[in-house]
Amino acid sequence: MAGKSQVNCHCCQSNEVKKSGRFTNKNFTVQRYQCNRCGKTFSDKQPLDGLRVDFKQAAQVVHLLCEGMGIRAIERFMRLNRRTVLGILEMAGQKAARLLDMQIRNLEIESVQCDEVFAFVGCKEFNNALEDPELGTQYTFLAVDRKSKLIVSHHIGKERSRENAEILMGDLRSRLKNRTQITTDGLYGYVGAVYNTFGADVDFAQQAKTYADRNFGAYRDERRYSVAKGCTKVKTSIHIGKPDRALISTSHVERTNLSVRLFNRRFTRLTLGYSKKLANLKHSMALLIAHFNFCRVHSAHKMTPAMSAELTNHVWTIEELLTTPI
């Protein structure tokens, strides 16, 4: 058939397609196609498929997002429409999630630490009158390799519950190929989650920390956002196997929580930077974790976590993060 191409339709996968014009942005001439079977039109794949913005601009937007700049600040700085910035976030976040799912596999890890970091979407929970599950309180569960600082797995859920802990543990197990040691905070839901996911094939302990009351008096509410005076008590509970007591700690994942708050505008407290949509929170976390693992040199070992975990042999650029085939 004249005009027939080897390109498959993105909708019905038919190869009965024909060329249907093209458009040019600053870096690419993109061919458009129309499917003779279903009638849909589509374009050649691009690094951020579906966006017509200059790729170098898109990469700079991603870099600014990963350094903690807010959406409207990027809008002003880059002179792009806010919807364009959000579109870049969505496309880059989806690509980052697929990249993490593909690259973070078959890991040999001695010790994993798990914890949660709090944020909210749209409004505080007490203002969530309709009890919308996509608004209000949201917890990001993180699993971090103690040695390489690699963020191995993450999950965003409404509650600090056993169900969400079990989702995290299921994803974590799918990425490991050896028996490992797991330390979590004192959340009781982790106990059943680890039992159900790993059975006896794990060394599992919990560490619950108690911090001193700083006695703010009339300014008591300020203690919530102030540096703790000090940890006064640490309770360690061993549940499965024989964990190495020298490796029982949650300090490294708690430090990663700080990095999340520092480099993701949506986790900063008492500002307007919080997420307005749950989907954007998920996109931003996937993007931050991909950048943290592959692009950001960690001060602990002067290399990226992915290099330390032997997943790659060099520091990735933003462009490489966005163009790596999946």
# chains A, B, ... in the order shown; residues from 1 in each chain; ligands from 1
>>> select_by_dssp(residues="range 173-291 of chain A", states="strand (DSSP E or B)", output="list in words")
Leu176, Gln181, Ile182, Thr183, Thr184, Asp203, Phe204, Ala205, Gln206, Gln207, Ala208, Lys209, Thr210, Tyr211, Cys231, Thr232, Lys233, Val234, Lys235, Thr236, Ser237, Ile238, His239, Ile240 and Ser275 of chain A
>>> closest_atom_pairs(of="range 87-192 of chain A", to="range 200-205 of chain A", cutoff="10 Å", atoms="only C-alpha atoms", output="JSON lines")
{"residue": "A:Ser111", "atom": "CA", "partner": "A:Asp203", "partner_atom": "CA", "distance": 9.1}
{"residue": "A:Val112", "atom": "CA", "partner": "A:Phe204", "partner_atom": "CA", "distance": 9.6}
{"residue": "A:Gln113", "atom": "CA", "partner": "A:Ala205", "partner_atom": "CA", "distance": 9.9}
{"residue": "A:Asn178", "atom": "CA", "partner": "A:Asp201", "partner_atom": "CA", "distance": 9.2}
{"residue": "A:Arg179", "atom": "CA", "partner": "A:Val202", "partner_atom": "CA", "distance": 5.6}
{"residue": "A:Thr180", "atom": "CA", "partner": "A:Val202", "partner_atom": "CA", "distance": 5.7}
{"residue": "A:Gln181", "atom": "CA", "partner": "A:Asp203", "partner_atom": "CA", "distance": 4.5}
{"residue": "A:Ile182", "atom": "CA", "partner": "A:Phe204", "partner_atom": "CA", "distance": 4.9}
{"residue": "A:Thr183", "atom": "CA", "partner": "A:Ala205", "partner_atom": "CA", "distance": 5.0}
{"residue": "A:Thr184", "atom": "CA", "partner": "A:Ala205", "partner_atom": "CA", "distance": 6.8}
{"residue": "A:Asp185", "atom": "CA", "partner": "A:Ala205", "partner_atom": "CA", "distance": 8.9}
{"residue": "A:Gly186", "atom": "CA", "partner": "A:Ala205", "partner_atom": "CA", "distance": 9.4}
{"residue": "A:Tyr190", "atom": "CA", "partner": "A:Phe204", "partner_atom": "CA", "distance": 9.8}
{"residue": "A:Val191", "atom": "CA", "partner": "A:Phe204", "partner_atom": "CA", "distance": 8.7}
>>> write_last_selection(atoms="C-alpha atoms", output="PDB file, in the first residue's frame")
ATOM      1  CA  SER A 111      20.468  -3.927  55.230  1.00  0.00           C
ATOM      2  CA  VAL A 112      17.308  -1.959  54.329  1.00  0.00           C
ATOM      3  CA  GLN A 113      15.704   0.777  56.440  1.00  0.00           C
ATOM      4  CA  ASN A 178      19.142 -12.197  48.510  1.00  0.00           C
ATOM      5  CA  ARG A 179      18.102 -12.497  52.126  1.00  0.00           C
ATOM      6  CA  THR A 180      18.358  -9.088  53.732  1.00  0.00           C
ATOM      7  CA  GLN A 181      17.970  -7.360  57.070  1.00  0.00           C
ATOM      8  CA  ILE A 182      15.080  -4.896  57.449  1.00  0.00           C
ATOM      9  CA  THR A 183      14.724  -2.223  60.124  1.00  0.00           C
ATOM     10  CA  THR A 184      11.562  -0.120  60.362  1.00  0.00           C
ATOM     11  CA  ASP A 185      10.216   2.454  62.775  1.00  0.00           C
ATOM     12  CA  GLY A 186       7.721   1.422  65.459  1.00  0.00           C
ATOM     13  CA  TYR A 190       5.054  -3.422  59.527  1.00  0.00           C
ATOM     14  CA  VAL A 191       5.067  -6.580  61.650  1.00  0.00           C
TER      15      VAL A 191
END
>>> residues_around(residues="Gln34 in chain A", least_positions_apart="2", cutoff="7 Å", atoms="only C-alpha atoms", output="MDAnalysis selection string")
chainID A and resid 17:20 36 39:42
>>> write_last_selection(atoms="N, CA and C atoms", output="PDB file, in the first residue's frame")
ATOM      1  N   VAL A  17      -0.787   2.234   8.753  1.00  0.00           N
ATOM      2  CA  VAL A  17      -0.752   3.659   9.062  1.00  0.00           C
ATOM      3  C   VAL A  17      -0.146   4.423   7.893  1.00  0.00           C
ATOM      4  N   LYS A  18      -0.461   5.699   7.832  1.00  0.00           N
ATOM      5  CA  LYS A  18       0.074   6.547   6.776  1.00  0.00           C
ATOM      6  C   LYS A  18       0.558   7.857   7.378  1.00  0.00           C
ATOM      7  N   LYS A  19       1.469   8.511   6.694  1.00  0.00           N
ATOM      8  CA  LYS A  19       1.975   9.790   7.169  1.00  0.00           C
ATOM      9  C   LYS A  19       0.877  10.838   7.085  1.00  0.00           C
ATOM     10  N   SER A  20       0.872  11.723   8.091  1.00  0.00           N
ATOM     11  CA  SER A  20      -0.196  12.725   8.173  1.00  0.00           C
ATOM     12  C   SER A  20       0.360  14.060   8.650  1.00  0.00           C
ATOM     13  N   ASN A  36      -5.133   3.761   9.469  1.00  0.00           N
ATOM     14  CA  ASN A  36      -6.223   3.472   8.541  1.00  0.00           C
ATOM     15  C   ASN A  36      -7.291   2.587   9.175  1.00  0.00           C
ATOM     16  N   GLY A  39      -8.425   5.133  12.744  1.00  0.00           N
ATOM     17  CA  GLY A  39      -8.586   6.554  12.446  1.00  0.00           C
ATOM     18  C   GLY A  39      -7.845   7.488  13.377  1.00  0.00           C
ATOM     19  N   LYS A  40      -7.178   6.977  14.408  1.00  0.00           N
ATOM     20  CA  LYS A  40      -6.465   7.829  15.362  1.00  0.00           C
ATOM     21  C   LYS A  40      -5.191   8.381  14.728  1.00  0.00           C
ATOM     22  N   THR A  41      -4.787   9.581  15.194  1.00  0.00           N
ATOM     23  CA  THR A  41      -3.522  10.159  14.770  1.00  0.00           C
ATOM     24  C   THR A  41      -2.540  10.147  15.932  1.00  0.00           C
ATOM     25  N   PHE A  42      -1.264  10.065  15.640  1.00  0.00           N
ATOM     26  CA  PHE A  42      -0.243  10.021  16.682  1.00  0.00           C
ATOM     27  C   PHE A  42       1.078  10.479  16.098  1.00  0.00           C
TER      28      PHE A  42
END
>>> closest_residue(among="A:Cys231, A:Ala143, A:Pro133, A:His239", to="Tyr188 in chain A", atoms="only C-alpha atoms")
A:His239
>>> closest_residue(among="A:Ile109, A:Leu100, A:Leu247, A:Leu150", to="Met307 in chain A", atoms="only C-alpha atoms")
A:Leu150
>>> atom_distance(atom1="CA of Arg76 in chain A", atom2="CA of Ala58 in chain A")
14.5 Å
>>> closest_residue(among="A:Arg261, A:Ser237, A:Gly189, A:Cys38", to="Gln13 in chain A", atoms="only C-alpha atoms")
A:Cys38
